[in-house]
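Trainee: Structure file upload15.cif (mmCIF, C-alpha atoms) right here:
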data_query
loop_
_atom_site.label_atom_id
_atom_site.label_comp_id
_atom_site.auth_asym_id
_atom_site.auth_seq_id
_atom_site.Cartn_x
_atom_site.Cartn_y
_atom_site.Cartn_z
CA MET A 1 0.00 0.00 0.00
CA PHE A 2 1.20 3.51 -0.72
CA LYS A 3 -0.23 6.99 -0.99
CA LEU A 4 -1.12 9.14 -3.96
CA ASP A 5 -1.36 12.94 -4.05
CA ILE A 6 -2.58 14.84 -7.08
CA LEU A 7 -2.04 18.58 -6.69
CA THR A 8 -2.92 21.41 -9.08
CA PRO A 9 -2.79 25.21 -8.78
CA SER A 10 -6.55 25.35 -8.45
CA GLY A 11 -6.74 22.81 -5.69
CA VAL A 12 -6.00 19.41 -4.26
CA VAL A 13 -7.61 16.67 -6.33
CA VAL A 14 -6.70 13.82 -4.01
CA LYS A 15 -4.43 13.64 -1.01
CA ASP A 16 -3.26 10.59 0.91
CA PHE A 17 -5.28 8.38 -1.41
CA GLU A 18 -4.38 4.83 -0.45
CA CYS A 19 -3.78 2.58 -3.40
CA SER A 20 -2.04 -0.60 -4.40
CA GLU A 21 -1.14 0.33 -7.95
CA VAL A 22 -0.95 3.50 -10.05
CA LEU A 23 -0.55 3.92 -13.80
CA VAL A 24 0.98 7.25 -14.79
CA PRO A 25 1.37 8.63 -18.33
CA THR A 26 4.86 10.12 -18.77
CA VAL A 27 6.71 11.57 -21.74
CA SER A 28 8.58 8.31 -22.13
CA GLY A 29 5.48 6.12 -21.94
CA GLU A 30 3.13 4.90 -19.28
CA ILE A 31 4.70 3.66 -16.06
CA ASP A 32 3.14 1.23 -13.66
CA ILE A 33 3.91 1.97 -10.02
CA LEU A 34 3.68 -0.74 -7.40
CA LYS A 35 4.73 -0.78 -3.76
CA ASP A 36 8.42 -0.09 -3.01
CA HIS A 37 9.07 1.52 -6.35
CA THR A 38 12.46 3.15 -6.81
CA HIS A 39 12.60 6.95 -6.36
CA VAL A 40 11.75 8.54 -9.67
CA LEU A 41 11.19 12.08 -10.86
CA THR A 42 9.68 12.36 -14.30
CA LYS A 43 7.71 14.55 -16.67
CA LEU A 44 4.02 13.89 -17.18
CA SER A 45 2.32 13.84 -20.50
CA THR A 46 -1.34 14.65 -21.01
CA GLY A 47 -3.33 11.55 -20.23
CA ILE A 48 -5.12 9.52 -17.63
CA VAL A 49 -3.77 8.45 -14.27
CA THR A 50 -5.37 5.24 -13.08
CA ALA A 51 -5.19 4.42 -9.41
CA ILE A 52 -6.28 1.05 -8.09
CA ASP A 53 -7.35 1.21 -4.47
CA LEU A 54 -7.12 -1.47 -1.81
CA ASN A 55 -10.46 -2.98 -2.86
CA SER A 56 -9.22 -3.29 -6.46
CA LYS A 57 -11.51 -0.49 -7.58
CA LYS A 58 -10.19 1.68 -10.41
CA TRP A 59 -10.15 5.48 -10.10
CA ASN A 60 -9.33 7.62 -13.11
CA PHE A 61 -7.95 11.15 -13.15
CA SER A 62 -7.06 13.32 -16.08
CA VAL A 63 -3.73 15.14 -15.94
CA THR A 64 -2.11 17.69 -18.18
CA HIS A 65 1.49 18.81 -18.18
CA GLY A 66 3.53 18.54 -15.01
CA THR A 67 5.79 16.30 -12.99
CA CYS A 68 5.46 13.08 -11.08
CA LYS A 69 7.58 12.29 -8.06
CA ILE A 70 7.80 8.85 -6.55
CA LEU A 71 9.43 9.00 -3.13
CA GLY A 72 9.17 6.40 -0.41
CA ASP A 73 5.56 5.38 0.06
CA ARG A 74 4.20 8.43 -1.70
CA VAL A 75 3.50 9.33 -5.31
CA SER A 76 3.06 13.08 -5.82
CA ILE A 77 1.70 14.30 -9.10
CA LEU A 78 1.95 18.01 -9.82
CA ALA A 79 -0.23 18.86 -12.78
CA MET A 80 -1.47 22.04 -14.42
CA THR A 81 -4.99 20.66 -14.41
CA SER A 82 -6.48 17.46 -13.16
CA GLU A 83 -9.95 16.09 -12.76
CA SER A 84 -11.53 13.01 -11.37
CA SER A 85 -13.61 11.05 -13.88
CA GLU A 86 -16.56 11.23 -11.50
CA LYS A 87 -16.75 14.99 -11.88
CA ILE A 88 -16.59 15.43 -15.63
CA ASP A 89 -19.46 17.10 -17.42
CA ILE A 90 -19.44 15.30 -20.72
CA ASP A 91 -21.66 17.79 -22.57
CA ARG A 92 -19.38 20.64 -21.67
CA ALA A 93 -16.33 18.69 -22.79
CA LYS A 94 -17.99 17.93 -26.13
CA ALA A 95 -18.87 21.58 -26.62
CA ALA A 96 -15.28 22.59 -25.83
CA LEU A 97 -13.94 20.06 -28.33
CA GLU A 98 -16.23 21.37 -31.04
CA LYS A 99 -15.19 24.95 -30.34
CA ALA A 100 -11.48 24.12 -30.39
CA GLU A 101 -11.82 22.17 -33.64
CA LYS A 102 -13.68 25.03 -35.25
CA LYS A 103 -10.93 27.45 -34.23
CA LEU A 104 -8.22 25.14 -35.53
CA ALA A 105 -10.03 24.80 -38.85
CA GLN A 106 -9.66 28.52 -39.38
CA ALA A 107 -6.24 29.73 -40.42
CA ILE A 108 -4.30 30.73 -37.33
CA GLU A 109 -1.10 32.61 -37.96
CA ASN A 110 -0.13 33.21 -34.39
CA ASP A 111 1.91 30.30 -32.96
CA VAL A 112 0.84 30.97 -29.41
CA GLU A 113 -2.84 30.78 -30.38
CA LEU A 114 -2.24 27.61 -32.33
CA ILE A 115 -0.60 25.90 -29.36
CA LYS A 116 -3.35 27.14 -27.08
CA PHE A 117 -6.14 25.67 -29.18
CA ARG A 118 -4.26 22.44 -29.80
CA ARG A 119 -3.90 22.07 -26.07
CA LYS A 120 -7.58 22.85 -25.57
CA LYS A 121 -8.52 20.24 -28.14
CA GLU A 122 -6.22 17.67 -26.56
CA ARG A 123 -7.70 18.38 -23.18
CA ALA A 124 -11.29 18.14 -24.35
CA GLU A 125 -10.61 14.84 -26.09
CA MET A 126 -9.03 13.47 -22.98
CA ARG A 127 -11.92 14.56 -20.81
CA ILE A 128 -14.40 12.82 -23.06
CA LYS A 129 -12.29 9.67 -23.01
CA LEU A 130 -12.06 9.95 -19.24
CA ALA A 131 -15.80 10.35 -18.84
CA TYR A 132 -16.31 7.04 -20.68
CA THR A 133 -14.07 5.23 -18.23
CA ARG A 134 -16.71 5.71 -15.56
CA GLY A 135 -18.29 2.56 -14.30
CA GLU A 136 -15.50 0.34 -15.51
CA MET B 1 -30.18 76.62 12.16
CA ALA B 2 -31.36 73.24 10.95
CA ASN B 3 -35.00 72.48 11.42
CA ILE B 4 -36.58 69.17 12.29
CA LYS B 5 -37.59 68.40 8.73
CA ASP B 6 -34.03 68.79 7.43
CA LEU B 7 -32.68 66.62 10.22
CA LYS B 8 -35.22 63.92 9.46
CA LYS B 9 -34.14 63.94 5.84
CA ARG B 10 -30.48 63.63 6.77
CA ILE B 11 -31.15 60.79 9.19
CA LYS B 12 -33.07 58.96 6.52
CA SER B 13 -30.31 59.32 3.94
CA THR B 14 -27.63 58.28 6.44
CA LYS B 15 -29.67 55.19 7.25
CA GLY B 16 -29.71 54.44 3.53
CA THR B 17 -25.93 54.76 3.37
CA TYR B 18 -25.63 52.51 6.41
CA LYS B 19 -27.66 49.83 4.71
CA ILE B 20 -25.42 49.95 1.66
CA THR B 21 -22.13 49.92 3.53
CA SER B 22 -23.14 47.10 5.83
CA ALA B 23 -24.34 45.04 2.87
CA MET B 24 -21.03 45.71 1.10
CA LYS B 25 -19.21 44.61 4.20
CA LEU B 26 -21.04 41.29 4.27
CA VAL B 27 -20.42 40.73 0.56
CA SER B 28 -16.70 41.47 1.02
CA ALA B 29 -16.50 39.11 3.97
CA ALA B 30 -17.95 36.32 1.85
CA LYS B 31 -15.63 37.12 -1.05
CA LEU B 32 -12.66 37.27 1.28
CA ALA B 33 -13.46 33.79 2.56
CA ARG B 34 -13.55 32.52 -1.01
CA ALA B 35 -10.29 34.27 -1.91
CA GLN B 36 -8.59 32.80 1.15
CA GLN B 37 -9.88 29.39 0.17
CA ARG B 38 -8.22 29.79 -3.23
CA ILE B 39 -4.93 30.68 -1.57
CA LEU B 40 -5.23 27.67 0.71
CA SER B 41 -5.92 25.31 -2.15
CA LEU B 42 -2.88 26.60 -4.02
CA LYS B 43 -0.55 26.14 -1.03
CA PRO B 44 0.01 22.35 -1.23
CA TYR B 45 0.86 22.69 -4.91
CA SER B 46 3.30 25.57 -4.37
CA ASN B 47 5.03 23.85 -1.48
CA GLU B 48 5.46 20.62 -3.38
CA LEU B 49 6.62 22.51 -6.46
CA MET B 50 9.29 24.39 -4.48
CA SER B 51 10.57 21.32 -2.68
CA THR B 52 10.79 19.38 -5.94
CA LEU B 53 12.58 22.28 -7.61
CA LYS B 54 15.13 22.40 -4.81
CA THR B 55 15.67 18.67 -4.97
CA VAL B 56 16.39 18.81 -8.68
CA ALA B 57 18.47 21.98 -8.44
CA ALA B 58 20.75 20.34 -5.87
CA VAL B 59 21.85 17.61 -8.24
CA THR B 60 22.44 19.73 -11.31
CA SER B 61 25.38 22.02 -11.92
CA ASP B 62 26.07 24.52 -14.68
CA TYR B 63 22.43 24.41 -15.59
CA GLU B 64 21.34 27.22 -17.87
CA HIS B 65 17.88 28.47 -18.62
CA ASP B 66 16.66 31.46 -20.57
CA PHE B 67 15.02 32.81 -17.42
CA PHE B 68 18.38 33.08 -15.62
CA LYS B 69 20.23 35.33 -18.03
CA ASP B 70 21.47 38.45 -16.36
CA ASP B 71 20.92 41.26 -18.79
CA SER B 72 21.56 44.26 -16.57
CA GLU B 73 22.85 46.21 -19.57
CA ASN B 74 19.34 46.27 -20.97
CA LYS B 75 17.62 49.30 -19.53
CA HIS B 76 14.14 48.32 -20.61
CA ALA B 77 11.95 46.64 -18.04
CA HIS B 78 8.38 45.58 -17.42
CA LEU B 79 6.41 46.40 -14.30
CA LEU B 80 3.10 44.71 -13.66
CA ILE B 81 0.85 46.48 -11.15
CA ILE B 82 -2.03 44.51 -9.71
CA SER B 83 -4.69 46.87 -8.41
CA SER B 84 -8.46 46.69 -8.21
CA ASP B 85 -11.24 47.59 -10.62
CA LYS B 86 -13.44 49.05 -7.93
CA GLY B 87 -12.88 51.67 -5.30
CA LEU B 88 -14.28 51.94 -1.78
CA CYS B 89 -11.55 49.76 -0.37
CA GLY B 90 -9.72 52.10 1.96
CA GLY B 91 -6.06 52.74 1.24
CA TYR B 92 -5.73 49.72 -1.03
CA ASN B 93 -5.04 51.55 -4.28
CA GLY B 94 -3.51 54.61 -2.64
CA GLN B 95 -0.74 52.64 -1.02
CA LEU B 96 -0.02 50.84 -4.29
CA TYR B 97 0.23 54.15 -6.09
CA LYS B 98 2.66 55.51 -3.50
CA GLU B 99 4.77 52.37 -3.62
CA ALA B 100 4.76 52.48 -7.43
CA LYS B 101 6.10 56.04 -7.43
CA LYS B 102 8.72 55.10 -4.86
CA PHE B 103 9.73 52.06 -6.87
CA LEU B 104 10.01 54.01 -10.11
CA ALA B 105 12.06 56.73 -8.41
CA ALA B 106 14.43 54.16 -6.89
CA ASN B 107 14.94 52.51 -10.28
CA ASN B 108 15.07 55.62 -12.41
CA ASP B 109 18.01 54.27 -14.41
CA LYS B 110 15.61 51.89 -16.13
CA GLU B 111 12.90 52.57 -18.64
CA PHE B 112 9.77 50.92 -17.40
CA LYS B 113 6.79 49.89 -19.41
CA VAL B 114 3.98 49.56 -16.93
CA HIS B 115 1.26 46.94 -17.36
CA PHE B 116 -1.88 46.79 -15.32
CA ILE B 117 -4.34 44.36 -13.87
CA GLY B 118 -7.20 46.42 -12.47
CA LYS B 119 -7.85 49.99 -13.56
CA LYS B 120 -7.64 52.04 -10.37
CA VAL B 121 -3.89 52.59 -10.14
CA LYS B 122 -3.77 52.96 -13.92
CA GLU B 123 -6.11 55.94 -13.66
CA LEU B 124 -3.87 57.50 -11.03
CA ILE B 125 -0.49 56.97 -12.61
CA ALA B 126 -1.24 56.84 -16.35
CA GLU B 127 0.09 60.30 -17.10
CA GLU B 128 3.40 59.78 -15.36
CA VAL B 129 4.51 56.53 -16.95
CA ASN B 130 4.81 54.64 -20.19
CA VAL B 131 1.57 52.66 -20.18
CA GLY B 132 1.64 49.14 -21.58
CA ASN B 133 -1.16 46.61 -21.55
CA HIS B 134 -4.21 46.62 -19.38
CA TYR B 135 -5.18 43.01 -18.80
CA GLN B 136 -8.82 42.21 -18.34
CA PHE B 137 -10.53 38.95 -17.59
CA GLU B 138 -13.68 37.24 -18.69
CA LYS B 139 -15.05 37.08 -15.17
CA VAL B 140 -14.16 39.27 -12.22
CA ASP B 141 -11.65 36.82 -10.79
CA PRO B 142 -8.99 35.65 -13.21
CA THR B 143 -8.57 31.94 -13.85
CA HIS B 144 -5.23 30.17 -13.72
CA ASP B 145 -5.18 29.93 -17.52
CA GLU B 146 -5.65 33.67 -17.93
CA ILE B 147 -2.75 34.37 -15.58
CA LEU B 148 -0.61 31.87 -17.50
CA ASP B 149 -1.25 33.85 -20.68
CA ILE B 150 -0.02 37.04 -19.02
CA ALA B 151 3.00 35.22 -17.60
CA ASP B 152 3.83 33.86 -21.05
CA GLU B 153 3.59 37.26 -22.64
CA LEU B 154 5.94 38.85 -20.10
CA SER B 155 8.46 36.03 -20.20
CA THR B 156 8.49 35.98 -24.00
CA SER B 157 9.59 39.61 -24.16
CA PHE B 158 12.25 38.82 -21.58
CA GLU B 159 13.53 35.85 -23.58
CA THR B 160 13.69 37.79 -26.81
CA GLY B 161 15.75 40.46 -25.07
CA GLU B 162 13.16 43.17 -25.47
CA VAL B 163 13.40 43.83 -21.73
CA GLY B 164 16.11 43.08 -19.21
CA SER B 165 13.91 42.41 -16.21
CA VAL B 166 10.31 41.94 -15.15
CA HIS B 167 8.95 43.29 -11.89
CA ILE B 168 5.64 42.94 -10.16
CA LEU B 169 3.89 45.23 -7.67
CA TYR B 170 0.93 44.09 -5.63
CA ASN B 171 -0.61 44.18 -2.19
CA SER B 172 0.51 41.13 -0.33
CA PHE B 173 -2.03 39.66 2.01
CA GLU B 174 -1.19 39.54 5.69
CA SER B 175 -4.53 39.36 7.41
CA ALA B 176 -8.03 40.67 6.79
CA MET B 177 -6.98 43.84 8.62
CA SER B 178 -3.69 44.56 6.93
CA CYS B 179 -1.81 44.21 3.69
CA PHE B 180 1.26 45.93 2.39
CA ALA B 181 2.42 46.94 -1.06
CA THR B 182 5.24 44.71 -2.24
CA ALA B 183 7.48 45.10 -5.25
CA SER B 184 9.48 42.11 -6.38
CA GLN B 185 11.55 41.04 -9.31
CA ILE B 186 10.29 37.92 -11.04
CA LEU B 187 12.70 37.81 -13.98
CA PRO B 188 15.64 37.15 -14.24
CA PHE B 189 14.70 34.19 -12.17
CA SER B 190 16.93 33.26 -9.28
CA MET B 191 17.10 29.76 -7.93
CA PRO B 192 16.32 29.28 -4.26
CA GLU B 193 19.57 30.19 -2.59
CA ASP B 194 19.77 27.30 -0.18
CA ASP B 195 23.02 25.50 0.20
CA LYS B 196 23.19 22.47 -2.04
CA GLU B 197 24.69 20.36 0.72
CA LYS B 198 21.86 21.27 3.04
CA ILE B 199 19.25 20.32 0.48
CA LYS B 200 21.00 17.03 -0.07
CA GLU B 201 20.79 16.45 3.66
CA ASP B 202 17.08 17.31 3.68
CA PHE B 203 16.34 15.21 0.66
CA PRO B 204 18.81 12.37 0.82
CA PHE B 205 17.23 10.43 -1.97
CA ASP B 206 18.78 9.09 -5.06
CA PHE B 207 16.24 9.90 -7.72
CA LYS B 208 16.10 8.37 -11.11
CA TYR B 209 15.40 11.22 -13.51
CA ALA B 210 13.47 10.60 -16.67
CA PRO B 211 14.31 11.97 -19.22
CA SER B 212 17.00 13.95 -17.32
CA ALA B 213 17.26 16.35 -14.40
CA GLU B 214 17.93 19.26 -16.78
CA ASP B 215 14.92 18.37 -18.85
CA ILE B 216 12.70 18.35 -15.79
CA LEU B 217 14.06 21.73 -14.70
CA ASP B 218 13.19 23.04 -18.15
CA THR B 219 9.53 22.35 -17.50
CA MET B 220 9.55 23.24 -13.83
CA ILE B 221 11.09 26.70 -14.00
CA PRO B 222 8.35 28.26 -16.16
CA GLU B 223 5.83 26.69 -13.80
CA VAL B 224 7.48 28.15 -10.72
CA TYR B 225 7.69 31.52 -12.46
CA ALA B 226 4.01 31.46 -13.47
CA ASN B 227 3.12 30.28 -10.02
CA SER B 228 4.79 33.32 -8.47
CA ILE B 229 2.54 35.60 -10.55
CA TYR B 230 -0.54 33.53 -9.77
CA THR B 231 0.24 33.67 -6.05
CA ALA B 232 0.61 37.44 -6.28
CA VAL B 233 -2.75 37.79 -8.03
CA LEU B 234 -4.55 35.65 -5.46
CA ASP B 235 -2.88 37.61 -2.67
CA ALA B 236 -3.98 40.87 -4.23
CA ILE B 237 -7.57 39.67 -4.56
CA ALA B 238 -7.72 38.57 -0.94
CA SER B 239 -6.17 41.86 0.20
CA GLU B 240 -8.71 43.85 -1.78
CA HIS B 241 -11.66 42.11 -0.17
CA GLY B 242 -10.05 42.34 3.25
CA MET B 243 -9.44 46.05 2.87
CA ARG B 244 -12.93 46.68 1.55
CA MET B 245 -14.42 44.75 4.43
CA VAL B 246 -12.52 46.87 6.94
CA ALA B 247 -13.32 50.12 5.13
CA MET B 248 -17.01 49.28 4.98
CA ASP B 249 -17.01 48.26 8.62
CA ASN B 250 -15.56 51.66 9.52
CA ALA B 251 -18.06 53.40 7.27
CA SER B 252 -20.94 51.53 8.90
CA SER B 253 -19.86 52.47 12.39
CA ASN B 254 -19.40 56.10 11.28
CA CYS B 255 -22.94 56.03 9.90
CA ASN B 256 -24.18 54.77 13.24
CA ASP B 257 -22.40 57.61 15.03
CA VAL B 258 -23.87 60.19 12.69
CA ILE B 259 -27.36 58.74 13.04
CA LYS B 260 -27.06 58.85 16.82
CA LYS B 261 -25.83 62.45 16.82
CA LEU B 262 -28.49 63.64 14.41
CA THR B 263 -31.27 61.84 16.30
CA LEU B 264 -30.13 63.46 19.54
CA LYS B 265 -30.08 66.86 17.90
CA MET B 266 -33.51 66.32 16.38
CA ASN B 267 -34.97 65.19 19.70
CA LYS B 268 -33.55 68.24 21.43
CA LEU B 269 -35.08 70.52 18.80
CA ARG B 270 -38.44 68.77 19.05
CA GLN B 271 -38.32 69.03 22.84
CA ALA B 272 -37.53 72.73 22.59
CA ALA B 273 -40.45 73.26 20.22
CA ILE B 274 -42.81 71.43 22.57
CA THR B 275 -41.57 73.45 25.53
CA THR B 276 -42.12 76.72 23.65
CA GLU B 277 -45.59 75.66 22.68
CA LEU B 278 -46.43 74.69 26.26
CA ILE B 279 -45.21 78.01 27.57
CA GLU B 280 -47.34 79.77 25.02
CA VAL B 281 -50.42 77.78 26.02
CA VAL B 282 -49.80 78.23 29.73
CA SER B 283 -49.10 81.95 29.48
CA GLY B 284 -52.17 82.37 27.27
CA ALA B 285 -54.31 80.66 29.93
CA GLU B 286 -52.68 82.75 32.65
CA SER B 287 -53.51 85.99 30.84
CA LEU B 288 -57.17 84.89 30.47
CA ASN B 289 -57.37 84.15 34.20
CA GLY B 290 -55.65 87.43 35.04
#
Can the structure from this file be put into structure tokens for me?

Mentor:
Amino acid sequence: MFKLDILTPSGVVVKDFECSEVLVPTVSGEIDILKDHTHVLTKLSTGIVTAIDLNSKKWNFSVTHGTCKILGDRVSILAMTSESSEKIDIDRAKAALEKAEKKLAQAIENDVELIKFRRKKERAEMRIKLAYTRGE
Amino acid sequence: MANIKDLKKRIKSTKGTYKITSAMKLVSAAKLARAQQRILSLKPYSNELMSTLKTVAAVTSDYEHDFFKDDSENKHAHLLIISSDKGLCGGYNGQLYKEAKKFLAANNDKEFKVHFIGKKVKELIAEEVNVGNHYQFEKVDPTHDEILDIADELSTSFETGEVGSVHILYNSFESAMSCFATASQILPFSMPEDDKEKIKEDFPFDFKYAPSAEDILDTMIPEVYANSIYTAVLDAIASEHGMRMVAMDNASSNCNDVIKKLTLKMNKLRQAAITTELIEVVSGAESLNG
């Protein structure tokens, strides 16, 4: 058993969440964390963190951009944004995806804007995917 | 001399003011609680971010990042002033304005371009400085994303060498009763100055870094930088509501004082009028009897 923290600037998503296994998406691929994992500090990629609690129930959280620290019996994930699959409003995510796609379809000359809308699209897609993991 | 009718009018209008100020006080108290909650929910993230940054910084040497470059030759600089959009918050904007003038006078060797969040200080200082952007938000309180956009804009002009430093001026939150204007430099970025040996003692762990410690620093430093602006903005919001709450509390108690004074005066006048009338009646009766 070890503990999982997911922290974002807008609040604590989970703290001291007891779990037996965590799957974390990193830039170099997904890593599977079990008890007594070696100390690792790595970069997150946008994706879904799956935590399996002591009753073998799966909990899914979206994460975007950040770092993951595995130290002792604690996994700390620092992400720009993160949400629990239980809390996602699927209609809103779909609307956001549509809006981002529409923007991207128009010619955007500004690089910053382009990156912004790509990120938005990525995020909306992930939220929709996350919402469908409910009840698994 | 004021007559009873005038006094009644004044009492009525003061009571109206009292209702407004005490309602504003309650609203500010509620907003302050929410602003403090936002600060509290940011804290765990900031703390963890700083401790991770230190851990990584301790194991790297000769690390270079665009945010570190010392470009003191460049006389151009950005100053971001975070004030409020609304008044009636005591000395909140006044003290920022004073601090801004002091800051500009102390750094008069640099050419500042001043950017604003909130319009109050902008209105005060606009004619004395080189005005840059005025950032506005979709809702009253800015979201984290909106602050990130501002942070990106400022850091981009630092990276391209357009400016040599970026400063920020805001009211830092101490308690609901007090806040003080703080000016700080956010770029060039300086690493936490703790001794590397000490950090190694505090964090005696042999991390495996993936992809590499430098690569992780590359992503962390912009986050820490943006976080410092975000913290400042949240602090400023909490200070504003705190100050407004105190100002409105004072205004309400002043209203109460005025109402009391005016009521007393009015009662005295009314009493005097009654007494005069009585005397007239009594002396009239006396003269009839006489």

Trainee: For chain B versus chain A, which residues have an atom no more than 10 Å away, and what is each residue's nearest atom pair and distance in Å rounded to one decimal, using only C-alpha atoms, chain-then-number order, as CSV?

Mentor:
residue,atom,partner,partner_atom,distance
B:Gln37,CA,A:Gly11,CA,9.4
B:Arg38,CA,A:Ser10,CA,7.1
B:Ile39,CA,A:Ser10,CA,8.9
B:Leu40,CA,A:Gly11,CA,8.2
B:Ser41,CA,A:Gly11,CA,4.4
B:Leu42,CA,A:Pro9,CA,5.0
B:Lys43,CA,A:Pro9,CA,8.1
B:Pro44,CA,A:Leu7,CA,6.9
B:Tyr45,CA,A:Leu7,CA,5.3
B:Ser46,CA,A:Pro9,CA,7.5
B:Glu48,CA,A:Leu78,CA,7.8
B:Leu49,CA,A:Leu78,CA,7.3
B:Thr52,CA,A:Lys69,CA,8.1
B:Thr55,CA,A:Leu41,CA,9.9
B:Val56,CA,A:Leu41,CA,8.8
B:Thr143,CA,A:Ser10,CA,8.8
B:His144,CA,A:Ser10,CA,7.3
B:Asp145,CA,A:Met80,CA,9.3
B:Asp149,CA,A:Val112,CA,9.4
B:Asp152,CA,A:Val112,CA,9.3
B:Glu153,CA,A:Val112,CA,9.6
B:Phe205,CA,A:His39,CA,7.3
B:Asp206,CA,A:His39,CA,6.7
B:Phe207,CA,A:His39,CA,4.9
B:Lys208,CA,A:Val40,CA,4.6
B:Tyr209,CA,A:Leu41,CA,5.0
B:Ala210,CA,A:Thr42,CA,4.8
B:Pro211,CA,A:Thr42,CA,6.8
B:Ser212,CA,A:Thr42,CA,8.1
B:Ala213,CA,A:Leu41,CA,8.2
B:Asp215,CA,A:Lys43,CA,8.4
B:Ile216,CA,A:Lys43,CA,6.3
B:Leu217,CA,A:Lys43,CA,9.8
B:Thr219,CA,A:Gly66,CA,7.5
B:Met220,CA,A:Gly66,CA,7.7
B:Glu223,CA,A:Gly66,CA,8.6
B:Asn227,CA,A:Pro9,CA,7.9
B:Tyr230,CA,A:Pro9,CA,8.7
B:Thr231,CA,A:Pro9,CA,9.4

Trainee: What's the separation between atom CA of Tyr97 of chain B and atom CA of Ile168 of chain B, in Å to one decimal place?

Mentor: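 We find that atom CA of Tyr97 of chain B and atom CA of Ile168 of chain B lie 13.1 Å from each other.
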
Trainee: Could you list, as a ChimeraX atom specification, every residue within 12 Å of Ala105 of chain B, counting all atoms listed in the file and ignoring same-chain residues fewer than 6 positions away?

Mentor: /B:98-99,111-112,128-129

Trainee: For Asn55 of chain A, find every residue with an atom within 12 Å (counting only C-alpha atoms), except residues of its own chain fewer than 3 positions away, and show them as a list in words.

Mentor: Met1, Glu18, Cys19, Ser20, Glu21, Ala51, Ile52, Lys58 and Trp59 of chain A

Trainee: What gap, in Å, lies between atom CA of Asn47 of chain B and atom CA of Gly242 of chain B?

Mentor: 24.3 Å

Trainee: Do you know which residues the PyMOL selection byres ((chain B and resi 18) around 12) returns on this file, as a PyMOL selection string?

Mentor: chain B and resi 11-17+19-25+248-259

Trainee: Would you compute the distance between atom CA of Ser228 of chain B and atom CA of Leu154 of chain B? Give it in Å to one decimal.

Mentor: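 Atom CA of Ser228 of chain B sits 12.9 Å away from atom CA of Leu154 of chain B.
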
Trainee: I need the residue set behind the PyMOL selection byres ((chain B and resi 164) around 6) for this file; please write it as a PDB file with C-alpha atoms, in the frame of the given file.

Mentor:
ATOM      1  CA  ASP B  71      20.920  41.260 -18.790  1.00  0.00           C
ATOM      2  CA  ASN B  74      19.340  46.270 -20.970  1.00  0.00           C
ATOM      3  CA  HIS B  76      14.140  48.320 -20.610  1.00  0.00           C
ATOM      4  CA  ALA B  77      11.950  46.640 -18.040  1.00  0.00           C
ATOM      5  CA  VAL B 163      13.400  43.830 -21.730  1.00  0.00           C
ATOM      6  CA  SER B 165      13.910  42.410 -16.210  1.00  0.00           C
TER       7      SER B 165
END

Trainee: Grab all the atoms of segment 117-120 of chain B that the file lists, wrap them in a box along x, y and z, add 4 Å per side, and give me centre plus edge lengths in Å (one decimal) as AutoDock Vina command-line options.

Mentor:
--center_x -6.1 --center_y 48.2 --center_z -12.1 --size_x 11.5 --size_y 15.7 --size_z 11.5

Trainee: Write only C-alpha atoms for segment 104-135 of chain B from the block just shown, as a PDB file, in the first residue's frame.

Mentor:
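Done, and the output landed in decode.pdb:
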ATOM      1  CA  LEU B 104      10.011  54.009 -10.114  1.00  0.00           C
ATOM      2  CA  ALA B 105      12.060  56.727  -8.406  1.00  0.00           C
ATOM      3  CA  ALA B 106      14.427  54.158  -6.894  1.00  0.00           C
ATOM      4  CA  ASN B 107      14.938  52.508 -10.281  1.00  0.00           C
ATOM      5  CA  ASN B 108      15.070  55.624 -12.411  1.00  0.00           C
ATOM      6  CA  ASP B 109      18.014  54.274 -14.414  1.00  0.00           C
ATOM      7  CA  LYS B 110      15.611  51.886 -16.131  1.00  0.00           C
ATOM      8  CA  GLU B 111      12.897  52.572 -18.636  1.00  0.00           C
ATOM      9  CA  PHE B 112       9.766  50.918 -17.402  1.00  0.00           C
ATOM     10  CA  LYS B 113       6.791  49.890 -19.409  1.00  0.00           C
ATOM     11  CA  VAL B 114       3.979  49.563 -16.926  1.00  0.00           C
ATOM     12  CA  HIS B 115       1.258  46.936 -17.360  1.00  0.00           C
ATOM     13  CA  PHE B 116      -1.878  46.789 -15.317  1.00  0.00           C
ATOM     14  CA  ILE B 117      -4.342  44.363 -13.866  1.00  0.00           C
ATOM     15  CA  GLY B 118      -7.202  46.423 -12.465  1.00  0.00           C
ATOM     16  CA  LYS B 119      -7.851  49.986 -13.555  1.00  0.00           C
ATOM     17  CA  LYS B 120      -7.640  52.042 -10.371  1.00  0.00           C
ATOM     18  CA  VAL B 121      -3.894  52.592 -10.143  1.00  0.00           C
ATOM     19  CA  LYS B 122      -3.765  52.963 -13.921  1.00  0.00           C
ATOM     20  CA  GLU B 123      -6.112  55.939 -13.662  1.00  0.00           C
ATOM     21  CA  LEU B 124      -3.868  57.499 -11.025  1.00  0.00           C
ATOM     22  CA  ILE B 125      -0.495  56.967 -12.614  1.00  0.00           C
ATOM     23  CA  ALA B 126      -1.244  56.842 -16.354  1.00  0.00           C
ATOM     24  CA  GLU B 127       0.087  60.302 -17.103  1.00  0.00           C
ATOM     25  CA  GLU B 128       3.404  59.781 -15.357  1.00  0.00           C
ATOM     26  CA  VAL B 129       4.513  56.527 -16.950  1.00  0.00           C
ATOM     27  CA  ASN B 130       4.809  54.638 -20.188  1.00  0.00           C
ATOM     28  CA  VAL B 131       1.572  52.656 -20.180  1.00  0.00           C
ATOM     29  CA  GLY B 132       1.639  49.136 -21.578  1.00  0.00           C
ATOM     30  CA  ASN B 133      -1.158  46.606 -21.555  1.00  0.00           C
ATOM     31  CA  HIS B 134      -4.214  46.622 -19.383  1.00  0.00           C
ATOM     32  CA  TYR B 135      -5.183  43.005 -18.805  1.00  0.00           C
TER      33      TYR B 135
END
